[in-house]
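One structure is given here, and the rest of the page talks about it.
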Amino acid sequence: MGLDKGDKIDAAPETDGALSQTPPQHGRSLTSPSHFEEIKRATTEPARHSSEMGTPLDMDRIPVLVPRSSASPMDGPEPSPLHKRSQSLPNISVAIGFAFSYPPGPGAPEVQFSAQISNPWIREAPEQSSTSAFKLTDPVDVVPVRMDPATQLRRFQVHSQKNKKAFANNSVQTTKYTAWNFLFRNLYAQFRVLANIYFLFISILQFLPVSSVSPTTWFPLTVVLLTNMVKEACEDMNRAKLDHEVNGRTVQALNPMVAQGGERLVSEFWKNVYVGHVLFVKEDEALPADVIVLATSDEKSGLAYIETSQLDGETNLKHRESVQQVHQELQRLGLSEGQHNLSIEGIRLLSQVVVECEPPNDKLATFNGVLNIGDTKVPVNNKQVLYRGCYLRNTQWIYGLVVYTGMDTKLMQSANETRIKSTSLDKLSNKYVIGIFWFLAIMCVLGGGLSALFIILNPRSPWYLMSPDPWQLELCLNTLTFLILLSYMIPISLTVSAEIVKIGHAYFIDHDLAMCYTVPESGDIVPAQARTSNLGEDLGRVRYVFTDKTGTLTRNVMEFMKCSIGGCKYGSGMTEIGRAAVANGQGHLFASRPGSPLAGADFTFDERPPDAVLEPNTNFWDPQISGGAWRDLPEPQRSRVRDFHVHLAVCHTLLAKLVEPTAGWVQNNVQYQASSPDELALVYGARGNGFWFMRRTGPQLEVMVEGEVLTYQVLNVCEFNSTRKRSSCVVRFPDGRLMALVKGADNVMYPQFTNDNDEEILDKTRLHLQGYANEGLRTLVLAQKELDAEWYRQWNATYVEALTSMSNREQQLDKCAVELERDLQLVGVTAIEDKLQEGVPDALSALLRAGIKVWMLTGDMVETAVNIATACNLIQPGMRVQRIVVDEEFRGHCTDNLMEQLQEAKRAMDAGHDVAIVINGVALEGALNDEEEKGMHERGLFLQVATRCRTVVCCRLFPADKSQVVHLVRKKEKVITVGIGDGANDVPMIRDANIGVGISGQEGMQAVMSSDYAIAQFRFLTRLLLVHGRWNMQRLSILILYFFYKNCNIALVSFWYGIYTEFSGVR
């Protein structure tokens, strides 16, 4: 029984616009097993062929096949038996969403089915169209490729069993040893230490007949080796136990063979998850692998919220997006928030997906991939990927497609060991050991030589020496004997004793109540943490401290304070810079001095009325625009103010969340979630002036203005990066206009302005920027331009092409962004205050008085950095500030100008001035290039000048620049350095310094996770270095000197005794 070649089956037309409600009267239910068996037998060959192609059919969803009406007779030979039987059944509309050829083979006629069933006797299904939005082709059996040598990409098909052998399994092993190699690998690691080899050699010698002492060294050596083996075994057993627990966790996965019976979702162990698997992850579950989000429980926007504390230490929630095309298609095929089971059509759709993506790497911030669905290429980026170790939060469920498993996941790829750091005291001890060893060798040879001399001069040796051997043999034997006797000169217990002392030092740091910080908001106590016990003594020998500014010297709690719109300044009040100046009696007088670093600063006192209600993260009040007063401004200033606040309310990545779901969308019931404290302050600032960002639904944002809810549609987003130093988005306004909204630093925004801007407004705004920087405020320039529909269509086509490109995607997207972010119109400038941490000025003053040089490395403007440095006493009264600043246009060819400014600073220091150098990124780049040309053994002019200064401020730096500066000083000056910061951008600097200190602040825990010591506030650095560092250095120095003194005395007594025994080695 089967379909004859040439038969074509299609859906029956509806004759009366409705399905027949007459129950079947043919003796058997449509859902009876015998009925289905007949249908299965009738379709054996097509079903098997379809399964081989990766699209298994659920036969329970095919109760009957209905031919076309007689008005459109089928071509070909006589209808098949299945066709004849279907003619006796009632008129049931069926629509099945798949197509195949029968019999299999090229050129075979196509057999088509439709798949929507509606009958009183059949379980009701959602009325969803089965026709896919994607142009699907017959599935192709894709050979999985781990990494194509030509394209450098990996390629695989969803649910292909071949992926299991082609890619790494999902079982993770973090242990160092196995039961078979533990003994050999551990002993090999321990005997890589030179001291252990030395003591093993001495132990062997003591068992030889030539030894005049009983074997004693083997016992302490065995204790040391066994102690280390037990410690390593315990640690590795804990790792193995954790690995077993993790690999044995379960997750629900989509069953690709659901057509052959069984549940759609099956439980799988984490270790059995493979590349191409489709997982179903529920709220509060961890991700077992790196997955692309295909669909989420958020039916409208397709968003999912995750916690990434296992990856970067940050506990604040982040949002990720589903692949919108797939999410919408799966919903159309029957997936909804209430019904999370995928339909057969949805499973078939996923089974035809072919994935192309980059090979495994450790870059957590990037992902480039493409989903090939038929003829459609769907781009995938980092925002649509969840990594292993993340937890799903505030989202009921997601469907995720596995792309990396096991050791290929980003979590495991980024788990590389950091640079091994050793203390200067350890290096000095090793030098002492080597020196003592050579001294010991000389003593042994001398003892053997004197023994031979006694034999030559006195052939009749004492009776207890028996008959002496020839003097040549005695020379060799007595040299070995003295090596055994004097082996105590090198203390075998020094390493163990020093390790115990270091652990005690770490305990003192962890339990120092003076370094505990109480969080004001929650009352939680954050203690200091010694993440390593090996570097304690170097804390007392620090010569240079390299510190970040934002979040390290400041709180990183931003407050929107002032702004400039259309050449007019808005906002009042004093910053901490101003308060410090007034407290020092330098207020208006100091600000009015020509050339003063505070010139142009606004020291007016707060004009805010006492009953004013402020939004969180804002300290803004101006009678001209606050409280809705902006509506009374004359045109065009009124429109400028409106455009400014719309820009703040729309151009961001914030998410709105209801505090109390039952209270509804009212202003006080909405809480924002942001990854950037700057954006959070700006959105609250807009809300405080009547532009309330309500919520985000997919690409649409709702903003309430004057009681009216306006919908803005975000079409494209060009994210911020360190190359452009700005971000932008394309937005369709409620009136239909296409607008590009751009924001960034002033030095990269001003060159992008069109000539149509009012020059007077530009000049005034530039002066306002200078004044805000003088007050220590963080500034941001906002701009926009209206887009022509045809121009946008062409640009968007290029943008989409760049999104789907698998080669140089980031560069192509940057090129699109640069094309968009030109010929801009100025909208305004924002000024945000980031207040100093408590105790920072006193801490920096103490470090400078202790002779420690402090370098501040920041990405802020020169004026902002200088004035923060002034407020926190980094630039102290009496210091001469020498600015070495080179404009951006001279990047790469500023050597002569740079050298001239450095020579001027050198002449000032030669004249006896206390100079503080302030250098920007362009000038520093030229200085670092000069240092590299000099090599690692010769200092360039920059280091010659900068190392003589107590204070250096480096501005406009990238994370790589910070690391390069630290590396340069550490290598060329041969000094102990400390790198301290609080964010992910400080990690390279922290890792490159001799000692890394992380601050557990607002930017998560990534800096802490990469550090050697963790503190909650910068002021605790003073106690860490000047108290604990001094104690550690003092105690370990005494310990090491005592051990060498004790052991050398014991050994030298044995040598001195040789005078009375003719240096025979007799004790």
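In the structure tokens, the first chain shown is A, the next is B, and so on; residue numbers restart at 1 for each chain, and ligands run from 1 in the order shown.
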Contacts of Thr217 in chain A at 12 Å (only C-alpha atoms; same-chain gap of 4+ positions) as a list in words: Asn196, Tyr198, Phe199, Leu200, Phe201, Ile202, Ser203, Ile204, Leu205, Gln206, Phe207, Val213, Leu221, Thr222, Val223, Val224, Ile484, Leu485, Leu486, Ser487, Tyr488, Ile490, Pro491, Ile492 and Ser493 of chain A
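Residues in contact range of Leu824 in chain A, defined as at most 8 Å between only C-alpha atoms, with sequence neighbours fewer than 5 positions away removed, read Gln752, Phe753, Thr754, Ala783, Gln784 and Lys785 of chain A.
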Keeping only all heavy atoms, write those residues as an mmCIF file, in the first residue's frame.
```cif
data_model
loop_
_atom_site.group_PDB
_atom_site.id
_atom_site.type_symbol
_atom_site.label_atom_id
_atom_site.label_comp_id
_atom_site.auth_asym_id
_atom_site.auth_seq_id
_atom_site.Cartn_x
_atom_site.Cartn_y
_atom_site.Cartn_z
ATOM 1 N N GLN A 752 32.185 65.948 13.924
ATOM 2 C CA GLN A 752 31.102 65.372 13.131
ATOM 3 C C GLN A 752 29.961 66.347 12.877
ATOM 4 O O GLN A 752 28.989 65.982 12.214
ATOM 5 C CB GLN A 752 30.542 64.122 13.839
ATOM 6 C CG GLN A 752 31.588 63.092 14.224
ATOM 7 C CD GLN A 752 32.410 62.619 13.068
ATOM 8 O OE1 GLN A 752 31.912 62.467 11.958
ATOM 9 N NE2 GLN A 752 33.706 62.388 13.309
ATOM 10 N N PHE A 753 30.051 67.550 13.406
ATOM 11 C CA PHE A 753 28.962 68.510 13.248
ATOM 12 C C PHE A 753 28.975 69.103 11.836
ATOM 13 O O PHE A 753 30.037 69.379 11.263
ATOM 14 C CB PHE A 753 29.058 69.630 14.279
ATOM 15 C CG PHE A 753 28.715 69.192 15.678
ATOM 16 C CD1 PHE A 753 29.303 69.794 16.780
ATOM 17 C CD2 PHE A 753 27.818 68.171 15.899
ATOM 18 C CE1 PHE A 753 28.996 69.400 18.059
ATOM 19 C CE2 PHE A 753 27.496 67.760 17.178
ATOM 20 C CZ PHE A 753 28.088 68.373 18.258
ATOM 21 N N THR A 754 27.779 69.320 11.292
ATOM 22 C CA THR A 754 27.639 69.921 9.978
ATOM 23 C C THR A 754 27.844 71.421 10.065
ATOM 24 O O THR A 754 27.753 72.033 11.143
ATOM 25 C CB THR A 754 26.246 69.614 9.405
ATOM 26 O OG1 THR A 754 26.120 70.205 8.130
ATOM 27 C CG2 THR A 754 25.149 70.151 10.307
ATOM 28 N N ALA A 783 23.713 64.699 19.916
ATOM 29 C CA ALA A 783 23.490 65.243 18.579
ATOM 30 C C ALA A 783 22.470 64.378 17.860
ATOM 31 O O ALA A 783 22.153 63.260 18.293
ATOM 32 C CB ALA A 783 24.800 65.304 17.790
ATOM 33 N N GLN A 784 21.959 64.903 16.745
ATOM 34 C CA GLN A 784 20.970 64.171 15.970
ATOM 35 C C GLN A 784 20.991 64.652 14.535
ATOM 36 O O GLN A 784 21.579 65.685 14.211
ATOM 37 C CB GLN A 784 19.562 64.349 16.554
ATOM 38 C CG GLN A 784 19.036 65.766 16.438
ATOM 39 C CD GLN A 784 17.653 65.929 17.043
ATOM 40 O OE1 GLN A 784 17.214 65.128 17.841
ATOM 41 N NE2 GLN A 784 16.963 66.996 16.664
ATOM 42 N N LYS A 785 20.326 63.891 13.665
ATOM 43 C CA LYS A 785 20.082 64.350 12.294
ATOM 44 C C LYS A 785 18.885 63.584 11.742
ATOM 45 O O LYS A 785 18.632 62.434 12.132
ATOM 46 C CB LYS A 785 21.314 64.164 11.415
ATOM 47 C CG LYS A 785 21.621 62.738 11.001
ATOM 48 C CD LYS A 785 22.750 62.705 9.976
ATOM 49 C CE LYS A 785 23.099 61.287 9.541
ATOM 50 N NZ LYS A 785 24.190 61.251 8.557
#
```
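Residue nearest Ile1038 in chain A within the list A:Glu537, A:Glu775, A:Glu329, A:Asp243: A:Glu537 [criterion: smallest interatomic distance, only C-alpha atoms].
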Pairwise distance for CA of Phe720 in chain A and CA of Met749 in chain A, rounded to one decimal in Å: 13.0 Å
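Taking CA of Ser214 in chain A and CA of Ile197 in chain A as the two end points, the separation is 19.6 Å.
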Neighbour list for Asp961 in chain A as a ChimeraX atom specification, cut-off 12 Å, only C-alpha atoms, skip fewer than 4 positions in-chain: /A:722,857-859,920-929,954-957,965-968,985-989,992
Those same residues - N, CA, C and O atoms - I'd like them written as a JSON list (two decimals), in the first residue's frame.
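To be explicit, this is the file written out as again_4.json:
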```
[["chain", "number", "residue", "atom", "x", "y", "z"],
["A", 722, "SER", "N", 35.59, 51.49, 21.62],
["A", 722, "SER", "CA", 36.73, 52.34, 21.94],
["A", 722, "SER", "C", 37.33, 53.00, 20.72],
["A", 722, "SER", "O", 38.15, 53.91, 20.86],
["A", 857, "LEU", "N", 45.34, 56.91, 36.18],
["A", 857, "LEU", "CA", 45.12, 56.55, 34.78],
["A", 857, "LEU", "C", 43.62, 56.53, 34.52],
["A", 857, "LEU", "O", 42.89, 55.73, 35.11],
["A", 858, "THR", "N", 43.13, 57.41, 33.65],
["A", 858, "THR", "CA", 41.69, 57.56, 33.45],
["A", 858, "THR", "C", 41.40, 57.85, 31.99],
["A", 858, "THR", "O", 42.28, 58.28, 31.24],
["A", 859, "GLY", "N", 40.18, 57.62, 31.60],
["A", 859, "GLY", "CA", 39.73, 57.92, 30.25],
["A", 859, "GLY", "C", 39.02, 59.25, 30.14],
["A", 859, "GLY", "O", 38.55, 59.61, 29.05],
["A", 920, "ASN", "N", 47.97, 63.68, 28.13],
["A", 920, "ASN", "CA", 46.80, 63.06, 27.51],
["A", 920, "ASN", "C", 47.20, 61.87, 26.67],
["A", 920, "ASN", "O", 48.39, 61.55, 26.50],
["A", 921, "GLY", "N", 46.20, 61.16, 26.12],
["A", 921, "GLY", "CA", 46.45, 59.91, 25.45],
["A", 921, "GLY", "C", 47.31, 60.02, 24.21],
["A", 921, "GLY", "O", 48.15, 59.16, 23.94],
["A", 922, "VAL", "N", 47.12, 61.09, 23.42],
["A", 922, "VAL", "CA", 47.91, 61.26, 22.19],
["A", 922, "VAL", "C", 49.37, 61.46, 22.53],
["A", 922, "VAL", "O", 50.26, 60.84, 21.92],
["A", 923, "ALA", "N", 49.66, 62.33, 23.50],
["A", 923, "ALA", "CA", 51.04, 62.56, 23.90],
["A", 923, "ALA", "C", 51.65, 61.31, 24.52],
["A", 923, "ALA", "O", 52.83, 60.98, 24.28],
["A", 924, "LEU", "N", 50.87, 60.58, 25.32],
["A", 924, "LEU", "CA", 51.38, 59.37, 25.95],
["A", 924, "LEU", "C", 51.71, 58.31, 24.92],
["A", 924, "LEU", "O", 52.69, 57.56, 25.06],
["A", 925, "GLU", "N", 50.92, 58.23, 23.85],
["A", 925, "GLU", "CA", 51.20, 57.26, 22.80],
["A", 925, "GLU", "C", 52.57, 57.54, 22.18],
["A", 925, "GLU", "O", 53.36, 56.62, 21.95],
["A", 926, "GLY", "N", 52.86, 58.81, 21.92],
["A", 926, "GLY", "CA", 54.18, 59.16, 21.39],
["A", 926, "GLY", "C", 55.28, 58.85, 22.37],
["A", 926, "GLY", "O", 56.36, 58.38, 21.99],
["A", 927, "ALA", "N", 55.03, 59.11, 23.67],
["A", 927, "ALA", "CA", 56.05, 58.84, 24.69],
["A", 927, "ALA", "C", 56.32, 57.34, 24.81],
["A", 927, "ALA", "O", 57.47, 56.90, 24.94],
["A", 928, "LEU", "N", 55.26, 56.52, 24.76],
["A", 928, "LEU", "CA", 55.44, 55.07, 24.87],
["A", 928, "LEU", "C", 56.17, 54.51, 23.64],
["A", 928, "LEU", "O", 56.98, 53.58, 23.76],
["A", 929, "ASN", "N", 55.89, 55.07, 22.48],
["A", 929, "ASN", "CA", 56.62, 54.63, 21.28],
["A", 929, "ASN", "C", 58.11, 54.92, 21.41],
["A", 929, "ASN", "O", 58.95, 54.11, 21.01],
["A", 954, "CYS", "N", 47.37, 60.66, 33.86],
["A", 954, "CYS", "CA", 47.27, 60.27, 32.44],
["A", 954, "CYS", "C", 45.79, 60.23, 32.06],
["A", 954, "CYS", "O", 45.01, 59.51, 32.69],
["A", 955, "CYS", "N", 45.42, 60.98, 31.02],
["A", 955, "CYS", "CA", 44.02, 61.14, 30.63],
["A", 955, "CYS", "C", 43.76, 60.54, 29.26],
["A", 955, "CYS", "O", 44.68, 60.32, 28.47],
["A", 956, "ARG", "N", 42.48, 60.30, 28.98],
["A", 956, "ARG", "CA", 42.04, 59.78, 27.68],
["A", 956, "ARG", "C", 42.74, 58.48, 27.32],
["A", 956, "ARG", "O", 43.23, 58.30, 26.21],
["A", 957, "LEU", "N", 42.77, 57.55, 28.26],
["A", 957, "LEU", "CA", 43.44, 56.27, 28.04],
["A", 957, "LEU", "C", 42.42, 55.16, 27.82],
["A", 957, "LEU", "O", 41.31, 55.19, 28.35],
["A", 965, "VAL", "N", 51.34, 51.22, 30.36],
["A", 965, "VAL", "CA", 52.06, 52.13, 31.27],
["A", 965, "VAL", "C", 52.59, 51.36, 32.48],
["A", 965, "VAL", "O", 53.75, 51.52, 32.89],
["A", 966, "VAL", "N", 51.74, 50.53, 33.07],
["A", 966, "VAL", "CA", 52.16, 49.76, 34.25],
["A", 966, "VAL", "C", 53.31, 48.82, 33.88],
["A", 966, "VAL", "O", 54.30, 48.72, 34.62],
["A", 967, "HIS", "N", 53.19, 48.16, 32.76],
["A", 967, "HIS", "CA", 54.23, 47.22, 32.32],
["A", 967, "HIS", "C", 55.56, 47.95, 32.10],
["A", 967, "HIS", "O", 56.63, 47.45, 32.47],
["A", 968, "LEU", "N", 55.49, 49.13, 31.50],
["A", 968, "LEU", "CA", 56.70, 49.89, 31.22],
["A", 968, "LEU", "C", 57.43, 50.27, 32.50],
["A", 968, "LEU", "O", 58.65, 50.08, 32.63],
["A", 985, "ASN", "N", 37.37, 47.29, 32.79],
["A", 985, "ASN", "CA", 38.38, 47.99, 32.01],
["A", 985, "ASN", "C", 39.69, 48.14, 32.77],
["A", 985, "ASN", "O", 40.72, 48.51, 32.19],
["A", 986, "ASP", "N", 39.69, 47.86, 34.07],
["A", 986, "ASP", "CA", 40.92, 47.95, 34.88],
["A", 986, "ASP", "C", 41.63, 46.60, 35.01],
["A", 986, "ASP", "O", 42.72, 46.55, 35.58],
["A", 987, "VAL", "N", 41.02, 45.54, 34.51],
["A", 987, "VAL", "CA", 41.60, 44.20, 34.69],
["A", 987, "VAL", "C", 42.99, 44.08, 34.08],
["A", 987, "VAL", "O", 43.90, 43.53, 34.72],
["A", 988, "PRO", "N", 43.24, 44.56, 32.84],
["A", 988, "PRO", "CA", 44.61, 44.45, 32.30],
["A", 988, "PRO", "C", 45.65, 45.14, 33.18],
["A", 988, "PRO", "O", 46.75, 44.61, 33.38],
["A", 989, "MET", "N", 45.32, 46.30, 33.73],
["A", 989, "MET", "CA", 46.24, 47.02, 34.61],
["A", 989, "MET", "C", 46.47, 46.24, 35.90],
["A", 989, "MET", "O", 47.61, 46.13, 36.38],
["A", 992, "ASP", "N", 48.75, 43.21, 35.27],
["A", 992, "ASP", "CA", 50.12, 43.50, 34.89],
["A", 992, "ASP", "C", 50.95, 44.04, 36.03],
["A", 992, "ASP", "O", 52.18, 43.97, 35.99]]
```
Residues near Thr175 in chain A, cut-off 10 Å, only C-alpha atoms, skip fewer than 2 positions along chain, as a VMD selection string: chain A and resid 172 to 173 177 to 178 233 235 to 243
Write the residues of the preceding selection, restricted to C-alpha atoms, as a CSV table (one decimal), in the first residue's frame.
```csv
chain,number,residue,atom,x,y,z
A,172,VAL,CA,33.8,19.5,32.1
A,173,GLN,CA,36.9,18.3,34.0
A,177,TYR,CA,45.2,14.6,38.2
A,178,THR,CA,43.6,11.2,37.7
A,233,ALA,CA,44.9,15.4,46.6
A,235,GLU,CA,42.0,20.0,46.5
A,236,ASP,CA,41.7,17.8,43.4
A,237,MET,CA,39.1,15.6,45.1
A,238,ASN,CA,37.0,18.6,45.8
A,239,ARG,CA,37.3,19.7,42.2
A,240,ALA,CA,36.4,16.2,41.0
A,241,LYS,CA,33.4,16.1,43.3
A,242,LEU,CA,32.2,19.5,42.0
A,243,ASP,CA,32.8,18.3,38.4
```
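Between CA of Gln700 in chain A and CA of Val650 in chain A lies a distance of 9.7 Å.
Closest approach to Phe620 in chain A among A:Ile509, A:Val354, A:Cys563, A:Ala916: A:Cys563, based on only C-alpha atoms.
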Secondary structure check, helix (DSSP H, G or I) residues of range 470-705 of chain A, as a PyMOL selection string: chain A and resi 471-485+487-489+494-510+513-515+536-541+576-583+588-591+626-632+637-650+661-663+667-669+677-688
Counting only C-alpha atoms, the option among A:Val670, A:Val646, A:Val355, A:Ile565 closest to Gly690 in chain A: A:Val646
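Using only C-alpha atoms, the residues found no farther than 12 Å from Leu453 in chain A, other than those of its own chain fewer than 4 positions away, are Leu446, Gly447, Gly448, Gly449, Leu457, Asn458, Pro459, Ser461, Pro470, Trp471, Gln472, Glu474, Leu475, Asn478, Glu1062, Phe1063 and Ser1064 of chain A.
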Who sits within 12 Å of range 296-303 of chain A, only C-alpha atoms, same chain under 5 positions skipped, as an MDAnalysis selection string: chainID A and resid 279:283 318:332 334:342 383:386 392:400 655 695:701
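Using only C-alpha atoms, the smallest distance between any of A:Phe508, A:Tyr772, A:Gly878, A:Gln624 and Gly573 in chain A comes from A:Tyr772.
Take the candidates A:Cys1048, A:Leu648, A:Phe560, A:Gln637 and check each one against Phe437 in chain A using only C-alpha atoms; the shortest distance goes to A:Cys1048.
With only C-alpha atoms as the atoms that count, the minimum distance from Arg555 in chain A to the choices A:Ile503, A:Ile980, A:Ala1016, A:Ala773 is reached by A:Ala1016.
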Spatial neighbours of Val717 in chain A, max dist 7 Å, only C-alpha atoms, sep filter under 5 positions, as a list of chain:residue names: A:Ser728, A:Cys729, A:Val730
